[in-house]
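**Student:** Starting off with a structure, shown below.
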Amino acid sequence: MIKKILVIVIPSIILSACLYFSISSYIRYRQDYVSVFVASHQISQRTMMKEDDLKEIKVPKQILNDDIYVSWEDIVGRYVRMSHTIPKGSLIYKKALEDDIGDLAYTLLLEGQASYDLYASEVKMNAGSLEDGMYVDIYLTINMSGKPVSDLLMKDCRIIGMYDGSGRQILSYDRDSRPYIVSIAIEKDDVSILNNALKLGEVSVIVGNDTYQTNVRSSLNEDSRVYEYLT
């Protein structure tokens, strides 16, 4: 009888002990560790933080302080400050990020390019369909003796910034603000051509099927039917 009791009691005691220590460890772990985000790779200066830049891990809450961002919403959409680099696996410190970069558009220009601002009130475009980094084409329509002439004027103009009516940059996660100014990168030599186009007729911004190509410069269509009226 005693052996039967021991056979039943001893495993029960061991199981209870294991369960107790497991629960204690879980509670202690849950209380002492918290979820935070770290850099999933090395992130260079003036990079806008995105979801892919972050990796969620658990760390002892004792190592955290007010200088560290712990919330995903506080990180995504901000920019890495000038002269700062965030190493892979690093916590995200508040001093390393800023809300906006005033001259960001100019840092995206290639050599020989200029930033040209297109105003929604002056050109024809579907501003709601545009995003930073897209390539767009510029068409010009002019009225010659009562007959409209329309043709492609510039191709592959890269959008490098969009701003609301107050001049604040519209970030990628902002789906509510409507662009009032769209900045595009064009060749410096073509600025005067686009200035004349705005004075002479109606300029339209068109999104093509290759809008997400990379490393392409804008080009002026000198064979355009409207080009001769601009020079």
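As shown in the structure tokens, the chain order sets the letters A, B, ...; within each chain, residues go from 1, and ligands are also counted from 1 in the order they appear.
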Taking the chain letters and numbering used in this document, name the residues of segment 122-210 of chain A that DSSP puts in strand (DSSP E), as a PyMOL selection string.
**Tutor:** chain A and resi 135-144+147-163+181-187+202-207
**Student:** Mind checking which residues fall within 6 Å of Val205 of chain A, counting only C-alpha atoms, ignoring those fewer than 5 positions away in the same chain, and posting them as a VMD selection string?
**Tutor:** chain A and resid 125 137 to 138
**Student:** Write a file of the just-selected residues containing C-alpha atoms, as a PDB file, in the first residue's frame.
**Tutor:**
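Output saved as again.pdb:
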ATOM      1  CA  MET A 125      -2.416  66.148 -61.813  1.00  0.00           C
ATOM      2  CA  ASP A 137       6.036  62.404 -67.316  1.00  0.00           C
ATOM      3  CA  ILE A 138       5.236  66.027 -68.117  1.00  0.00           C
TER       4      ILE A 138
END
**Student:** Using only C-alpha atoms, which of the listed residues (A:Glu51, A:Glu187, A:Asp176, A:Glu73) sits closest to Glu111 of chain A?
**Tutor:** A:Glu187
**Student:** Which one of A:Leu118, A:Leu91, A:Val226, A:Ile75 sits closest to Asp151 of chain A if you count only C-alpha atoms?
**Tutor:**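 Of A:Leu118, A:Leu91, A:Val226, A:Ile75, the one nearest Asp151 of chain A is A:Val226, counting only C-alpha atoms.
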**Student:** I want to know what sits within 9 Å of Arg217 of chain A, based on only C-alpha atoms, with residues of the same chain fewer than 5 positions away left out; could you give that as a ChimeraX atom specification?
**Tutor:** /A:110,113,155-158,185-187
**Student:** Keeping only all heavy atoms, write the selected residues to a file as an mmCIF file, in the first residue's frame.
**Tutor:**
data_model
loop_
_atom_site.group_PDB
_atom_site.id
_atom_site.type_symbol
_atom_site.label_atom_id
_atom_site.label_comp_id
_atom_site.auth_asym_id
_atom_site.auth_seq_id
_atom_site.Cartn_x
_atom_site.Cartn_y
_atom_site.Cartn_z
ATOM 1 N N LEU A 110 20.534 64.342 -58.203
ATOM 2 C CA LEU A 110 21.766 63.882 -58.828
ATOM 3 C C LEU A 110 22.542 65.096 -59.323
ATOM 4 O O LEU A 110 22.010 66.210 -59.424
ATOM 5 C CB LEU A 110 21.440 62.946 -59.994
ATOM 6 C CG LEU A 110 20.617 61.695 -59.650
ATOM 7 C CD1 LEU A 110 20.294 60.915 -60.921
ATOM 8 C CD2 LEU A 110 21.346 60.824 -58.648
ATOM 9 N N GLN A 113 21.204 68.281 -61.476
ATOM 10 C CA GLN A 113 19.754 68.384 -61.399
ATOM 11 C C GLN A 113 19.322 69.526 -60.491
ATOM 12 O O GLN A 113 20.104 70.028 -59.685
ATOM 13 C CB GLN A 113 19.151 67.072 -60.882
ATOM 14 C CG GLN A 113 19.200 65.920 -61.855
ATOM 15 C CD GLN A 113 18.444 64.715 -61.363
ATOM 16 O OE1 GLN A 113 18.400 64.432 -60.168
ATOM 17 N NE2 GLN A 113 17.830 63.975 -62.290
ATOM 18 N N LYS A 155 10.294 63.491 -69.734
ATOM 19 C CA LYS A 155 10.061 62.109 -69.322
ATOM 20 C C LYS A 155 10.905 61.766 -68.103
ATOM 21 O O LYS A 155 11.997 62.304 -67.921
ATOM 22 C CB LYS A 155 10.407 61.171 -70.486
ATOM 23 C CG LYS A 155 10.102 59.704 -70.224
ATOM 24 C CD LYS A 155 10.330 58.880 -71.473
ATOM 25 C CE LYS A 155 10.102 57.398 -71.190
ATOM 26 N NZ LYS A 155 8.721 57.134 -70.741
ATOM 27 N N ASP A 156 10.376 60.884 -67.259
ATOM 28 C CA ASP A 156 11.115 60.342 -66.109
ATOM 29 C C ASP A 156 11.554 61.421 -65.119
ATOM 30 O O ASP A 156 12.723 61.481 -64.717
ATOM 31 C CB ASP A 156 12.334 59.550 -66.575
ATOM 32 C CG ASP A 156 11.954 58.375 -67.459
ATOM 33 O OD1 ASP A 156 10.888 57.789 -67.210
ATOM 34 O OD2 ASP A 156 12.725 58.048 -68.387
ATOM 35 N N CYS A 157 10.622 62.237 -64.708
ATOM 36 C CA CYS A 157 10.893 63.235 -63.669
ATOM 37 C C CYS A 157 10.584 62.596 -62.315
ATOM 38 O O CYS A 157 9.444 62.209 -62.050
ATOM 39 C CB CYS A 157 10.023 64.474 -63.875
ATOM 40 S SG CYS A 157 10.257 65.264 -65.488
ATOM 41 N N ARG A 158 11.585 62.495 -61.458
ATOM 42 C CA ARG A 158 11.428 61.782 -60.190
ATOM 43 C C ARG A 158 10.848 62.697 -59.116
ATOM 44 O O ARG A 158 11.325 63.812 -58.907
ATOM 45 C CB ARG A 158 12.782 61.241 -59.739
ATOM 46 C CG ARG A 158 12.770 60.474 -58.426
ATOM 47 C CD ARG A 158 14.076 59.686 -58.277
ATOM 48 N NE ARG A 158 15.218 60.533 -58.597
ATOM 49 C CZ ARG A 158 15.967 61.157 -57.689
ATOM 50 N NH1 ARG A 158 15.674 61.042 -56.413
ATOM 51 N NH2 ARG A 158 16.995 61.890 -58.058
ATOM 52 N N ALA A 185 12.632 66.202 -59.660
ATOM 53 C CA ALA A 185 14.033 66.406 -60.039
ATOM 54 C C ALA A 185 14.122 66.457 -61.555
ATOM 55 O O ALA A 185 13.742 65.511 -62.244
ATOM 56 C CB ALA A 185 14.898 65.274 -59.494
ATOM 57 N N ILE A 186 14.617 67.591 -62.069
ATOM 58 C CA ILE A 186 14.823 67.725 -63.509
ATOM 59 C C ILE A 186 16.223 68.280 -63.755
ATOM 60 O O ILE A 186 16.884 68.762 -62.830
ATOM 61 C CB ILE A 186 13.760 68.646 -64.158
ATOM 62 C CG1 ILE A 186 13.887 70.074 -63.615
ATOM 63 C CG2 ILE A 186 12.358 68.100 -63.915
ATOM 64 C CD1 ILE A 186 12.969 71.073 -64.335
ATOM 65 N N GLU A 187 16.656 68.240 -64.982
ATOM 66 C CA GLU A 187 17.971 68.783 -65.323
ATOM 67 C C GLU A 187 17.934 70.311 -65.205
ATOM 68 O O GLU A 187 16.938 70.958 -65.553
ATOM 69 C CB GLU A 187 18.360 68.383 -66.743
ATOM 70 C CG GLU A 187 18.363 66.878 -66.972
ATOM 71 C CD GLU A 187 19.290 66.150 -66.022
ATOM 72 O OE1 GLU A 187 20.460 66.548 -65.909
ATOM 73 O OE2 GLU A 187 18.840 65.187 -65.383
#
**Student:** Among chain A, which ones does DSSP assign to alpha helix (DSSP H) (computed from the backbone)? Answer as number ranges by chain.
**Tutor:** A: 2-32, 72-75, 104-107, 191-200
**Student:** Between atom CA of Pro148 of chain A and atom CA of Ser204 of chain A, what distance in Å does the model show, to one decimal?
**Tutor:**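 Between atom CA of Pro148 of chain A and atom CA of Ser204 of chain A the gap is 14.0 Å.
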**Student:** For Asp210 of chain A, list every protein, DNA or RNA residue within 10 Å, evaluated using only C-alpha atoms, and leave out those in the same chain fewer than 2 positions away; present the list as a list of chain:residue names.
**Tutor:**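 My list of contacting residues is A:Met134, A:Tyr135, A:Val136, A:Asp156, A:Val207, A:Gly208, A:Tyr212, A:Gln213, A:Thr214.
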**Student:** So that I can see what lies close to Gly165 of chain A, please list as a list in words the residues with an atom at most 9 Å from it, counting only C-alpha atoms and leaving out residues fewer than 3 positions away in the same chain.
**Tutor:**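 That gives Arg168, Arg178, Pro179, Tyr180 and Ile181 of chain A.
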**Student:** How many Å lie between atom CA of Val34 of chain A and atom CA of Lys58 of chain A, rounded to one decimal?
**Tutor:**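 Between these atoms lies a distance of 5.2 Å.
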